[in-house]
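query-v3.csv, holding CSV, C-alpha atoms:
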```
chain,number,residue,atom,x,y,z
A,254,MET,CA,-6.9,6.6,21.8
A,255,ARG,CA,-7.6,9.8,19.9
A,256,ILE,CA,-6.1,12.8,21.9
A,257,SER,CA,-6.9,16.5,21.3
A,258,TYR,CA,-3.8,18.6,21.7
A,259,ASP,CA,-2.3,22.1,21.4
A,260,PHE,CA,1.4,22.5,22.1
A,261,HIS,CA,2.0,26.1,21.3
A,262,ILE,CA,0.0,28.6,23.5
A,263,HIS,CA,1.2,32.0,24.8
A,264,THR,CA,0.0,33.7,27.9
A,265,THR,CA,0.2,37.2,29.3
A,266,ALA,CA,3.9,36.5,30.1
A,267,SER,CA,4.7,36.9,26.4
A,268,PRO,CA,4.8,40.5,25.4
A,269,CYS,CA,2.9,39.7,22.2
A,270,GLY,CA,0.2,37.8,24.2
A,271,ASP,CA,-3.2,39.4,24.5
A,272,GLU,CA,-4.2,40.5,28.0
A,273,ALA,CA,-7.1,38.1,27.8
A,274,MET,CA,-4.7,35.2,27.6
A,275,THR,CA,-4.9,34.6,31.4
A,276,LEU,CA,-4.3,31.1,32.7
A,277,ASN,CA,-7.9,30.7,33.8
A,278,ASN,CA,-9.2,31.7,30.4
A,279,ILE,CA,-6.8,29.4,28.6
A,280,ILE,CA,-7.6,26.4,30.8
A,281,ASN,CA,-11.4,27.0,30.9
A,282,LEU,CA,-11.6,27.6,27.1
A,283,SER,CA,-9.4,24.5,26.4
A,284,TYR,CA,-11.8,22.5,28.6
A,285,LEU,CA,-14.8,23.7,26.7
A,286,LEU,CA,-13.1,23.0,23.4
A,287,GLY,CA,-12.3,19.4,24.5
A,288,LYS,CA,-8.5,19.8,24.5
A,289,GLN,CA,-7.0,17.1,26.6
A,290,ILE,CA,-3.3,17.9,26.6
A,291,ILE,CA,-1.7,21.4,26.0
A,292,ALA,CA,1.6,23.2,26.5
A,293,ILE,CA,2.2,26.7,27.7
A,294,THR,CA,5.0,28.1,25.5
A,295,ASP,CA,5.9,31.7,26.3
A,296,HIS,CA,8.9,33.4,24.8
A,297,GLN,CA,12.0,32.4,26.7
A,298,SER,CA,10.1,32.0,29.9
A,299,CYS,CA,8.2,29.4,31.9
A,300,GLY,CA,7.0,31.9,34.5
A,301,ASN,CA,3.3,31.0,34.1
A,302,CYS,CA,3.7,27.3,33.7
A,303,GLU,CA,3.4,26.2,37.4
A,304,VAL,CA,0.0,27.9,37.9
A,305,ALA,CA,-1.2,26.6,34.5
A,306,VAL,CA,-0.3,23.0,35.5
A,307,LYS,CA,-2.3,23.4,38.7
A,308,LEU,CA,-5.4,24.8,37.0
A,309,GLY,CA,-5.2,22.2,34.3
A,310,ARG,CA,-5.2,19.4,36.9
A,311,GLN,CA,-8.4,20.8,38.3
A,312,LYS,CA,-10.1,20.5,34.9
A,313,GLY,CA,-8.5,17.1,34.0
A,314,ILE,CA,-6.3,18.7,31.3
A,315,ILE,CA,-2.6,17.8,31.2
A,316,VAL,CA,-0.5,21.0,30.9
A,317,ILE,CA,3.0,20.5,29.8
A,318,PRO,CA,5.6,23.1,30.9
A,319,GLY,CA,7.1,24.5,27.7
A,320,MET,CA,8.9,27.4,26.1
A,321,GLU,CA,9.3,29.0,22.7
A,322,ILE,CA,13.1,29.7,22.3
A,323,GLU,CA,14.8,31.9,19.7
A,324,CYS,CA,18.2,30.4,18.9
A,325,MET,CA,21.3,32.2,17.7
A,326,GLU,CA,20.3,31.5,14.1
A,327,GLU,CA,17.2,33.6,14.8
A,328,PHE,CA,14.4,31.1,14.3
A,329,HIS,CA,12.0,29.7,16.9
A,330,ALA,CA,11.9,26.3,18.4
A,331,ILE,CA,9.4,24.7,20.8
A,332,ALA,CA,10.7,23.0,24.0
A,333,LEU,CA,8.5,20.7,26.0
A,334,PHE,CA,9.7,19.7,29.5
A,335,PRO,CA,9.1,16.6,31.6
A,336,SER,CA,8.8,18.7,34.8
A,337,LEU,CA,8.6,22.2,36.1
A,338,ASP,CA,12.1,21.9,37.6
A,339,ALA,CA,13.5,21.1,34.1
A,340,ALA,CA,11.6,24.0,32.7
A,341,LYS,CA,13.0,26.4,35.3
A,342,TYR,CA,16.5,25.1,34.8
A,343,ILE,CA,16.3,25.8,31.0
A,344,GLU,CA,14.7,29.2,31.6
A,345,LYS,CA,17.7,30.2,33.7
A,346,GLU,CA,20.1,28.9,31.1
A,347,VAL,CA,18.3,30.6,28.2
A,348,GLN,CA,17.9,33.9,29.9
A,349,GLY,CA,21.6,33.7,30.9
A,350,HIS,CA,22.4,33.7,27.2
A,351,MET,CA,20.3,36.7,26.3
A,352,PRO,CA,21.3,40.4,26.6
A,353,TYR,CA,19.5,42.2,29.5
A,354,ILE,CA,17.3,44.8,27.9
A,355,LYS,CA,14.4,46.3,29.8
A,356,ASN,CA,11.0,45.7,28.2
A,357,GLN,CA,9.4,48.8,26.8
A,358,THR,CA,5.8,48.2,27.7
A,359,HIS,CA,4.5,51.1,25.7
A,360,ILE,CA,5.8,49.4,22.5
A,361,PHE,CA,5.7,45.6,23.2
A,362,GLY,CA,3.1,45.3,26.0
A,363,HIS,CA,3.4,43.9,29.5
A,364,GLN,CA,4.8,40.5,30.5
A,365,TRP,CA,2.5,39.6,33.4
A,366,LEU,CA,2.9,36.7,35.8
A,367,LEU,CA,-0.5,35.5,37.2
A,368,ASP,CA,-1.8,33.7,40.2
A,369,GLU,CA,-4.4,31.0,40.4
A,370,GLU,CA,-7.2,33.6,40.8
A,371,GLY,CA,-6.1,35.4,37.6
A,372,GLU,CA,-4.6,38.3,39.4
A,373,VAL,CA,-1.3,39.9,38.5
A,374,ALA,CA,1.4,38.3,40.7
A,375,GLY,CA,4.4,40.0,39.1
A,376,GLU,CA,5.9,41.3,35.9
A,377,ILE,CA,8.9,40.1,33.9
A,378,GLU,CA,11.0,43.3,33.4
A,379,ARG,CA,13.5,42.0,30.9
A,380,MET,CA,12.6,42.0,27.3
A,381,LEU,CA,11.8,38.4,26.2
A,382,LEU,CA,11.5,38.9,22.5
A,383,LEU,CA,15.2,38.5,21.9
A,384,ALA,CA,17.4,35.8,20.4
A,385,THR,CA,19.7,33.9,22.6
A,386,ASN,CA,23.4,33.4,21.8
A,387,LEU,CA,22.8,29.6,22.0
A,388,SER,CA,23.0,27.8,18.6
A,389,ILE,CA,20.3,25.4,17.7
A,390,TYR,CA,22.9,22.6,18.3
A,391,ASP,CA,23.5,24.0,21.8
A,392,LEU,CA,19.8,23.9,22.5
A,393,VAL,CA,19.3,20.4,21.2
A,394,LEU,CA,21.9,19.1,23.7
A,395,LEU,CA,20.7,21.3,26.5
A,396,ILE,CA,17.1,20.2,26.2
A,397,LYS,CA,18.0,16.5,25.7
A,398,GLN,CA,20.1,16.6,28.9
A,399,CYS,CA,17.0,17.5,30.9
A,400,GLY,CA,14.8,14.9,29.3
A,401,GLY,CA,12.9,17.4,27.2
A,402,ILE,CA,11.9,17.6,23.6
A,403,LEU,CA,12.9,20.3,21.1
A,404,TYR,CA,11.6,20.9,17.6
A,405,PRO,CA,11.4,23.7,15.1
A,406,ALA,CA,8.3,25.9,15.3
A,407,HIS,CA,6.1,26.9,12.4
A,408,ILE,CA,8.5,25.8,9.7
A,409,ASP,CA,6.2,27.0,6.9
A,410,ARG,CA,6.5,30.7,7.8
A,411,SER,CA,8.6,33.2,6.0
A,412,ALA,CA,10.2,34.6,9.2
A,413,TYR,CA,11.6,33.0,12.4
A,414,SER,CA,11.5,29.5,10.9
A,415,ILE,CA,14.2,27.0,10.3
A,416,LEU,CA,13.4,26.8,6.6
A,417,SER,CA,13.3,30.6,6.0
A,418,ASN,CA,16.7,31.0,7.8
A,419,LEU,CA,18.6,27.9,7.1
A,420,GLY,CA,16.8,26.7,4.0
A,421,THR,CA,16.7,23.1,5.3
A,422,VAL,CA,16.4,20.9,8.3
A,423,PRO,CA,19.9,19.6,9.0
A,424,ASP,CA,20.0,15.8,9.4
A,425,ASP,CA,22.6,16.0,12.2
A,426,LEU,CA,20.1,17.8,14.5
A,427,ASP,CA,18.2,14.5,14.7
A,428,PHE,CA,14.8,16.1,15.2
A,429,LYS,CA,11.9,13.7,15.4
A,430,VAL,CA,9.2,16.4,15.2
A,431,LEU,CA,8.5,19.5,13.2
A,432,GLU,CA,5.7,22.0,13.7
A,433,ILE,CA,3.7,23.6,10.9
A,434,SER,CA,1.4,26.5,11.5
A,435,LYS,CA,-2.4,26.3,11.4
A,436,MET,CA,-2.2,27.9,7.9
A,437,GLY,CA,0.4,25.4,6.5
A,438,ASN,CA,-0.5,22.8,3.9
A,439,GLN,CA,0.0,19.6,5.9
A,440,GLU,CA,-0.2,17.3,2.8
A,441,VAL,CA,2.7,19.2,1.1
A,442,PHE,CA,4.9,19.0,4.2
A,443,GLU,CA,4.1,15.4,4.9
A,444,ARG,CA,5.4,14.5,1.5
A,445,GLN,CA,8.5,16.7,1.9
A,446,PHE,CA,9.3,15.6,5.5
A,447,ASN,CA,7.8,12.2,5.6
A,448,ARG,CA,10.3,10.9,8.2
A,449,TYR,CA,9.2,13.4,10.8
A,450,LYS,CA,6.2,13.6,13.0
A,451,LEU,CA,4.3,16.8,12.0
A,452,LEU,CA,2.4,18.7,14.7
A,453,ARG,CA,0.1,21.6,14.0
A,454,SER,CA,-0.7,23.9,17.0
A,455,SER,CA,-2.5,27.2,17.4
A,456,ASP,CA,0.4,29.4,18.4
A,457,ALA,CA,-2.4,31.3,20.1
A,458,HIS,CA,-1.7,34.8,21.3
A,459,THR,CA,-5.5,35.4,21.6
A,460,LEU,CA,-8.4,33.4,22.8
A,461,GLU,CA,-9.9,33.5,19.3
A,462,ALA,CA,-6.8,31.8,17.9
A,463,LEU,CA,-7.1,29.1,20.5
A,464,CYS,CA,-10.5,28.2,19.1
A,465,GLU,CA,-9.2,27.9,15.6
A,466,SER,CA,-7.0,24.8,16.2
A,467,GLU,CA,-8.4,21.3,16.4
A,468,GLN,CA,-5.7,18.7,16.1
A,469,PHE,CA,-5.5,15.1,17.3
A,470,LEU,CA,-2.8,12.5,18.1
A,471,GLU,CA,-3.2,8.7,18.4
A,472,LEU,CA,-1.8,7.5,21.7
A,473,GLU,CA,-2.3,4.3,23.6
A,474,TYR,CA,-3.6,6.3,26.6
A,475,LEU,CA,-3.6,9.9,27.9
A,476,SER,CA,-0.4,10.7,29.8
A,477,GLN,CA,2.6,13.0,29.5
A,478,THR,CA,4.9,10.0,29.7
A,479,GLN,CA,3.0,8.3,26.8
A,480,LEU,CA,3.2,11.6,24.8
A,481,PHE,CA,6.9,12.0,25.3
A,482,GLY,CA,7.6,8.4,24.4
A,483,PHE,CA,5.7,8.9,21.2
A,484,LEU,CA,7.4,12.2,20.2
A,485,LYS,CA,10.9,10.9,21.0
A,486,SER,CA,10.4,7.7,18.9
```

Any chance you could put this one into structure tokens?
Amino acid sequence: MRISYDFHIHTTASPCGDEAMTLNNIINLSYLLGKQIIAITDHQSCGNCEVAVKLGRQKGIIVIPGMEIECMEEFHAIALFPSLDAAKYIEKEVQGHMPYIKNQTHIFGHQWLLDEEGEVAGEIERMLLLATNLSIYDLVLLIKQCGGILYPAHIDRSAYSILSNLGTVPDDLDFKVLEISKMGNQEVFERQFNRYKLLRSSDAHTLEALCESEQFLELEYLSQTQLFGFLKS
């Protein structure tokens, strides 16, 4: 079965996310674009995931709770979780390993939490665009313990990527998946990293960027369990 996916989407909870990246806008646009399974991956937070899951269910879209985490080595990784409880547990662990610095909204923008009507339900006051003091090895173990999946984000980029910072993907991390950006040359990376599954997602911070990504996976049927089994194999 051919499945349309996007596993790297930011909402208003990310300080770099556009104010138009409301949960209703993301779900409704994903529905119009024919996306069947998506992940909400704000920086170091899953605060908008619960509402997104509910809204997605109303449109027949599977929404995976996720997070984009910056490890101690200062590159980004995508975490996908089997449940909201797992996501909330990892959020607590991750934020517990970050310095508490108040977000400067006049520089970075707001970090809004939204309700099902699209109204502001709260604001995350701590700055989320910070590296944790968890190593990538720590994160691999932590995410695995809660049944989640972790993989390096946008490996083709010159900043905040595992290749730009480490120069390689260490074999002992035992990743099954790598993400390349929508601008990355998939053929080149498939030859170089042929033992990994390569995903390409939008990394959308704007609604326009959400429209630019059209990617598909082959699964036996559409379900989060089926997806996780595929990505872990």

Problem set entry | Atomic separation - CA of Leu286 (chain A) relative to CA of Gln311 (chain A), Å |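 Those two atoms sit 15.8 Å apart.
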
Problem set entry | For Leu452 (chain A), the nearest of the candidates A:Lys345, A:Arg255, A:Lys312, A:His261, counting all atoms listed in the file |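 So, comparing all the options, the nearest one is A:His261.
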
Seminar exercise, completed: Nearest to Ser417 (chain A), restricted to all atoms listed in the file and choosing among A:Glu346, A:Leu381, A:His329, A:Leu394, comes out as A:His329

Exercise. Between A:Ser298, A:Asn278, A:Thr358, A:Ser267, which has the minimum distance to Gly371 (chain A) (counting only C-alpha atoms)?
Worked result: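 Using only C-alpha atoms, the shortest distance to Gly371 (chain A) belongs to A:Asn278.
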
Exercise. What does the distance between CA of Leu419 (chain A) and CA of Ala330 (chain A) come to in Å, to one decimal place?
Worked result: 13.2 Å

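Proximity ranking of A:Phe260, A:Thr421, A:Gly270, A:Phe481 relative to Phe361 (chain A) places A:Gly270 first, based on only C-alpha atoms.
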
Problem set entry | Atom pair CA of Gly300 (chain A) / CA of His407 (chain A): separation (Å) |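 Distance reported for this atom pair: 22.7 Å.
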
Seminar exercise, completed: For Val441 (chain A), the closest of A:Glu326, A:Asp409, A:Glu473, A:Tyr353 counting only C-alpha atoms is A:Asp409

Seminar exercise, completed: Judged by all atoms listed in the file, the minimum distance to Ser476 (chain A) among A:Gly375, A:Pro335, A:Gly349, A:Gly400 is found for A:Pro335

For this session: Give me the residues within 7 Å of Glu321 (chain A) as an MDAnalysis selection string, counting only C-alpha atoms and dropping any in the same chain fewer than 3 places off.
Result: chainID A and resid 294:297 329:332

For this session: Find the residues with any atom within 10 Å of (-3.3, 26.9, 28.0); use all atoms listed in the file and the coordinates as given in the file, and write the answer as a PyMOL selection string.
Result: chain A and resi 259-264+274-284+288+290-294+301-302+305-306+308-309+314-317+457+460+463

Exercise. Around (3.2, 25.4, 8.3) in the file's frame, which residues reach within 9 Å when counting only C-alpha atoms? Return as number ranges by chain?
Worked result: A: 406-410, 432-439, 442, 453

Exercise. Which residues, written as a VMD selection string, have at least one atom at most 12 Å from Val373 (chain A), with only C-alpha atoms counted and residues fewer than 3 positions away on the same chain left out?
Worked result: chain A and resid 265 to 266 272 275 to 276 301 363 to 370 376 to 377
